[in-house]
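Let me begin by presenting the structure, written as structure tokens, before commenting on it.
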Amino acid sequence: MSLSTQEAYDLIRFAEAFEARLVTASDTLADKEGLDAEKEWLATALELVRTALVPAPALLGRAKDLPELEEAREEFSFQQQNLWVDALEKLHAGITFCASSRAPVIEALFPHLKFPQLRRASQETVNEFAAAYERRLKSSYVHRIFSQDDFSFVRPVVDQVASAHAAWQVSLAPSNLPDAQVAPLRAEMISVASRLDVALRQARLLAEAGLVPVPGAFDSSGLAAKPKRRAGRGVPFFFEDTGADSDISETESSTFPEEGATEPPAAPPAPQPAVEAPPAEDAKEAAPDEAKPSRRGRKKAEPKPPPETA
């Protein structure tokens with residue numbers, strides 16, 4: 001199977017998620033008594049995927065700068081942004097542990113807690129928050145508090161926040177790879193993805209066999225999921241093409257006209273004889289009972305006044 005660089009990248013990322021699902025599936029059998037063979041199959045499946053994924057992290061870090069992997073660069077930048085937010089949350093938690101959740105330094109450094117929003121914020125919003133954070137961090141009050149011995153363990157976390165923000169800024173401007181490195185890097189990506197293709201197929205079969213004793217475990221594990229096909233691409237990689245008409249039965253397919261065949265025009269329906277309306281005197285008899293108005297809602301007939309007496 002021949003893969004493009006983008007397909008190879010997608011397959012590697014899919015394998016990372018597949019590994020996490022395998023771990024969860026293995027935990028499903030861990031508490032079950034017996035099933036030694038099934039547990040061993042899942043352990044083998046996990047080892048297959050992990051072995052094939054060994055070169056993936058470093059490879060993706062270099063491959064993100066390939067011209068055709070714009071989405072990889074965006075994902076990498078998004079990861080760096082989340083690492084920066086992780087460091088901010090760690091700093092906030094450290095101050096809370098050291099002092100309290102109502103410590104004035106928290107209000108001075110984080111007047112508005114918007115960590116979840118920062119994870120998906122735009123570049124402009126992140127820059128605005130980072131600039132405001134730097135101004136507050138350099139204020140005399142925060143500097144004096146962090147200089148105390150009680151806050152000594154907070155200082156390394158402050159440095160982590162600065163390093164994470166710098167790494168995020170670098171990720172926004174990818175470096176240009178020399179031409180001599182582009183072709184070997186593409187070949188390495190495709191080679192690693194091809195080995196992962198085999199490992200994932202084998203691991204899926206082993207996991208399905210191992211989870212048979214637990215009803216519904218394989219279906220709920222998500223291990224049967226397939227990578228999504230990108231718009232404008234052909235058949236999804238990593239899974240064989242079953243054909244677009246494979247789900248159509250012979251009976252259904254026989255009802256479709258062959259290409260190029262023309263059907264004779266259908267004859268117009270014969271005119272129906274006009275039905276004459278029944279005479280007025282017979283209309284009551286001709287009307288069905290269902291057409292009679294319901295008694296509900298009828299107005300009761302008013303009683304006639306008694307005859308006048310002379």
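Within each chain, counting starts at residue 1; across the structure tokens, chains are named A, B, ... in the order shown, with ligands numbered 1 upward in that order.
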- Item | Test item: residues at most 12 Å from Ala103 in chain A, only C-alpha atoms, excluding those fewer than 4 positions along its chain, as an MDAnalysis selection string | chainID A and resid 92:99 107:111 142 145
Pull N, CA and C atoms from the residues just selected and write them as an mmCIF file, in the first residue's frame.
```cif
data_model
loop_
_atom_site.group_PDB
_atom_site.id
_atom_site.type_symbol
_atom_site.label_atom_id
_atom_site.label_comp_id
_atom_site.auth_asym_id
_atom_site.auth_seq_id
_atom_site.Cartn_x
_atom_site.Cartn_y
_atom_site.Cartn_z
ATOM 1 N N HIS A 92 -0.797 28.374 39.430
ATOM 2 C CA HIS A 92 -1.951 28.755 40.248
ATOM 3 C C HIS A 92 -2.168 27.751 41.374
ATOM 4 N N ALA A 93 -2.053 26.461 41.063
ATOM 5 C CA ALA A 93 -2.239 25.438 42.089
ATOM 6 C C ALA A 93 -1.142 25.513 43.154
ATOM 7 N N GLY A 94 0.086 25.829 42.742
ATOM 8 C CA GLY A 94 1.176 25.948 43.710
ATOM 9 C C GLY A 94 0.970 27.096 44.683
ATOM 10 N N ILE A 95 0.489 28.223 44.158
ATOM 11 C CA ILE A 95 0.226 29.362 45.045
ATOM 12 C C ILE A 95 -0.900 29.028 46.007
ATOM 13 N N THR A 96 -1.930 28.344 45.503
ATOM 14 C CA THR A 96 -3.055 27.964 46.354
ATOM 15 C C THR A 96 -2.605 27.022 47.462
ATOM 16 N N PHE A 97 -1.735 26.062 47.097
ATOM 17 C CA PHE A 97 -1.245 25.120 48.100
ATOM 18 C C PHE A 97 -0.350 25.816 49.124
ATOM 19 N N CYS A 98 0.449 26.748 48.657
ATOM 20 C CA CYS A 98 1.399 27.421 49.548
ATOM 21 C C CYS A 98 0.690 28.404 50.472
ATOM 22 N N ALA A 99 -0.213 29.172 49.946
ATOM 23 C CA ALA A 99 -0.919 30.173 50.749
ATOM 24 C C ALA A 99 -2.356 29.702 50.974
ATOM 25 N N GLU A 107 -5.056 37.063 43.276
ATOM 26 C CA GLU A 107 -5.829 38.128 42.638
ATOM 27 C C GLU A 107 -4.922 39.079 41.879
ATOM 28 N N ALA A 108 -3.701 39.295 42.395
ATOM 29 C CA ALA A 108 -2.771 40.208 41.734
ATOM 30 C C ALA A 108 -2.218 39.613 40.446
ATOM 31 N N LEU A 109 -2.014 38.290 40.426
ATOM 32 C CA LEU A 109 -1.416 37.656 39.255
ATOM 33 C C LEU A 109 -2.462 37.116 38.288
ATOM 34 N N PHE A 110 -3.573 36.596 38.811
ATOM 35 C CA PHE A 110 -4.640 36.025 37.975
ATOM 36 C C PHE A 110 -5.980 36.652 38.363
ATOM 37 N N PRO A 111 -6.209 37.902 37.999
ATOM 38 C CA PRO A 111 -7.498 38.516 38.363
ATOM 39 C C PRO A 111 -8.676 37.861 37.665
ATOM 40 N N VAL A 142 4.016 41.316 43.515
ATOM 41 C CA VAL A 142 4.205 39.892 43.189
ATOM 42 C C VAL A 142 5.671 39.506 43.323
ATOM 43 N N ILE A 145 6.439 39.014 47.028
ATOM 44 C CA ILE A 145 5.844 37.791 47.598
ATOM 45 C C ILE A 145 6.612 36.556 47.152
#
```
- Item | Distance query Leu206 in chain A at most 10 Å, only C-alpha atoms, self and fewer than 2 positions along chain excluded, as an MDAnalysis selection string | chainID A and resid 38:46 200:204 208:211
Can I get the selected residues back with N, CA and C atoms, as a short mmCIF file (atom, residue, chain, number, x, y, z; two decimals), in the first residue's frame?
```
data_model
loop_
_atom_site.label_atom_id
_atom_site.label_comp_id
_atom_site.auth_asym_id
_atom_site.auth_seq_id
_atom_site.Cartn_x
_atom_site.Cartn_y
_atom_site.Cartn_z
N GLU A 38 -6.46 -14.71 26.91
CA GLU A 38 -7.00 -13.46 26.37
C GLU A 38 -6.17 -12.26 26.84
N LYS A 39 -5.78 -12.28 28.10
CA LYS A 39 -4.94 -11.20 28.62
C LYS A 39 -3.60 -11.15 27.90
N GLU A 40 -3.07 -12.31 27.59
CA GLU A 40 -1.80 -12.36 26.87
C GLU A 40 -1.95 -11.82 25.46
N TRP A 41 -3.08 -12.09 24.82
CA TRP A 41 -3.31 -11.57 23.47
C TRP A 41 -3.35 -10.04 23.49
N LEU A 42 -4.04 -9.48 24.46
CA LEU A 42 -4.11 -8.02 24.55
C LEU A 42 -2.74 -7.43 24.88
N ALA A 43 -1.98 -8.10 25.72
CA ALA A 43 -0.63 -7.62 26.02
C ALA A 43 0.24 -7.65 24.77
N THR A 44 0.08 -8.68 23.95
CA THR A 44 0.84 -8.76 22.70
C THR A 44 0.41 -7.66 21.74
N ALA A 45 -0.88 -7.40 21.67
CA ALA A 45 -1.38 -6.33 20.80
C ALA A 45 -0.81 -4.98 21.22
N LEU A 46 -0.78 -4.73 22.51
CA LEU A 46 -0.25 -3.47 23.01
C LEU A 46 1.25 -3.35 22.73
N LEU A 200 -1.19 -2.30 13.57
CA LEU A 200 -2.55 -1.97 13.95
C LEU A 200 -3.53 -3.05 13.51
N ARG A 201 -3.35 -3.58 12.33
CA ARG A 201 -4.22 -4.65 11.86
C ARG A 201 -4.12 -5.87 12.76
N GLN A 202 -2.90 -6.25 13.08
CA GLN A 202 -2.70 -7.42 13.93
C GLN A 202 -3.23 -7.17 15.34
N ALA A 203 -2.98 -5.97 15.86
CA ALA A 203 -3.43 -5.66 17.21
C ALA A 203 -4.95 -5.64 17.29
N ARG A 204 -5.61 -5.16 16.27
CA ARG A 204 -7.07 -5.13 16.28
C ARG A 204 -7.64 -6.55 16.33
N GLU A 208 -9.80 -8.05 19.45
CA GLU A 208 -11.16 -8.56 19.25
C GLU A 208 -11.29 -9.97 19.79
N ALA A 209 -10.26 -10.81 19.53
CA ALA A 209 -10.28 -12.18 20.04
C ALA A 209 -10.21 -12.19 21.57
N GLY A 210 -9.39 -11.32 22.14
CA GLY A 210 -9.25 -11.32 23.59
C GLY A 210 -10.47 -10.82 24.32
N LEU A 211 -11.26 -9.95 23.69
CA LEU A 211 -12.43 -9.37 24.36
C LEU A 211 -13.71 -10.15 24.09
#
```
- Message: To test your reading of the structure, identify every residue in range 138-210 of chain A that backbone DSSP assigns to helix (DSSP H, G or I), and report it as a ChimeraX atom specification.
- Response: /A:140-146,149-151,154-171,179-210
- Coordinates-based distance that separates CA of Leu91 in chain A from CA of Ala130 in chain A (Å, one decimal): 14.0 Å
Compile the contact shell of range 169-177 of chain A as a PDB file with C-alpha atoms, in the first residue's frame: residues with an atom at most 10 Å away, counting only C-alpha atoms, same-chain residues fewer than 4 positions apart removed.
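What landed in result-v4.pdb:
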```pdb
ATOM      1  CA  ARG A  62      10.630  17.020  12.547  1.00  0.00           C
ATOM      2  CA  ALA A  63       7.983  16.236   9.957  1.00  0.00           C
ATOM      3  CA  LYS A  64       5.711  19.125  10.985  1.00  0.00           C
ATOM      4  CA  ASP A  65       7.941  21.448   8.957  1.00  0.00           C
ATOM      5  CA  LEU A  66       7.267  19.622   5.685  1.00  0.00           C
ATOM      6  CA  PRO A  67       5.485  21.939   3.230  1.00  0.00           C
ATOM      7  CA  GLU A  70       0.239  22.433   7.390  1.00  0.00           C
ATOM      8  CA  ARG A  73       2.031  22.455  12.261  1.00  0.00           C
ATOM      9  CA  GLU A  74      -1.319  23.715  13.509  1.00  0.00           C
ATOM     10  CA  GLU A  75      -1.732  20.703  15.777  1.00  0.00           C
ATOM     11  CA  PHE A  76       1.789  21.080  17.113  1.00  0.00           C
ATOM     12  CA  SER A  77       1.177  24.762  17.875  1.00  0.00           C
ATOM     13  CA  PHE A  78      -2.074  23.836  19.602  1.00  0.00           C
ATOM     14  CA  GLN A  79      -0.204  21.316  21.766  1.00  0.00           C
ATOM     15  CA  GLN A  80       2.380  23.931  22.722  1.00  0.00           C
ATOM     16  CA  GLN A  81      -0.410  26.325  23.645  1.00  0.00           C
ATOM     17  CA  GLN A 123      -3.261  33.768  18.806  1.00  0.00           C
ATOM     18  CA  ASN A 127      -0.738  37.232  23.279  1.00  0.00           C
ATOM     19  CA  SER A 163       9.694  28.441  28.589  1.00  0.00           C
ATOM     20  CA  ALA A 164       6.333  27.050  27.502  1.00  0.00           C
ATOM     21  CA  HIS A 165       5.251  30.418  26.126  1.00  0.00           C
ATOM     22  CA  GLN A 181      16.302  16.701   4.210  1.00  0.00           C
ATOM     23  CA  VAL A 182      12.828  16.806   2.690  1.00  0.00           C
ATOM     24  CA  LEU A 185      12.083  12.709   5.912  1.00  0.00           C
TER      25      LEU A 185
END
```
- Message: Here is a test: counting only C-alpha atoms, which residue of A:Ala37, A:Leu11, A:Val105, A:Ala166 is nearest to Leu83 in chain A?
- Response: A:Ala166
- Task: Show which residues sit within 12 Å of Ala20 in chain A, as a list of chain:residue names. Count only C-alpha atoms, and ignore same-chain residues fewer than 4 positions away.
- Result: A:Arg13, A:Phe14, A:Ala15, A:Glu16, A:Thr24, A:Ala25, A:Ser26, A:Asp27, A:Ala45, A:Leu46, A:Val49, A:Arg50, A:Ser221, A:Gly222, A:Leu223
- Message: Which residues are near Val126 in chain A? Cut-off 10 Å, only C-alpha atoms, ignore same chain within fewer than 6 positions. Put them as JSON, numbers by chain.
- Response: {"A": [81, 85, 117, 118, 119, 120, 132, 165]}
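Closest to Trp84 in chain A among A:Gly61, A:Pro55, A:Pro116, A:Pro104 is A:Pro116, based on only C-alpha atoms.
Distance-wise, CA of Ala17 in chain A and CA of Ser4 in chain A end up 20.3 Å apart.
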- Task: Return the single residue from A:Arg144, A:Asp197, A:Thr5, A:Pro57 that is closest to Lys226 in chain A, with distances computed using only C-alpha atoms.
- Result: A:Asp197
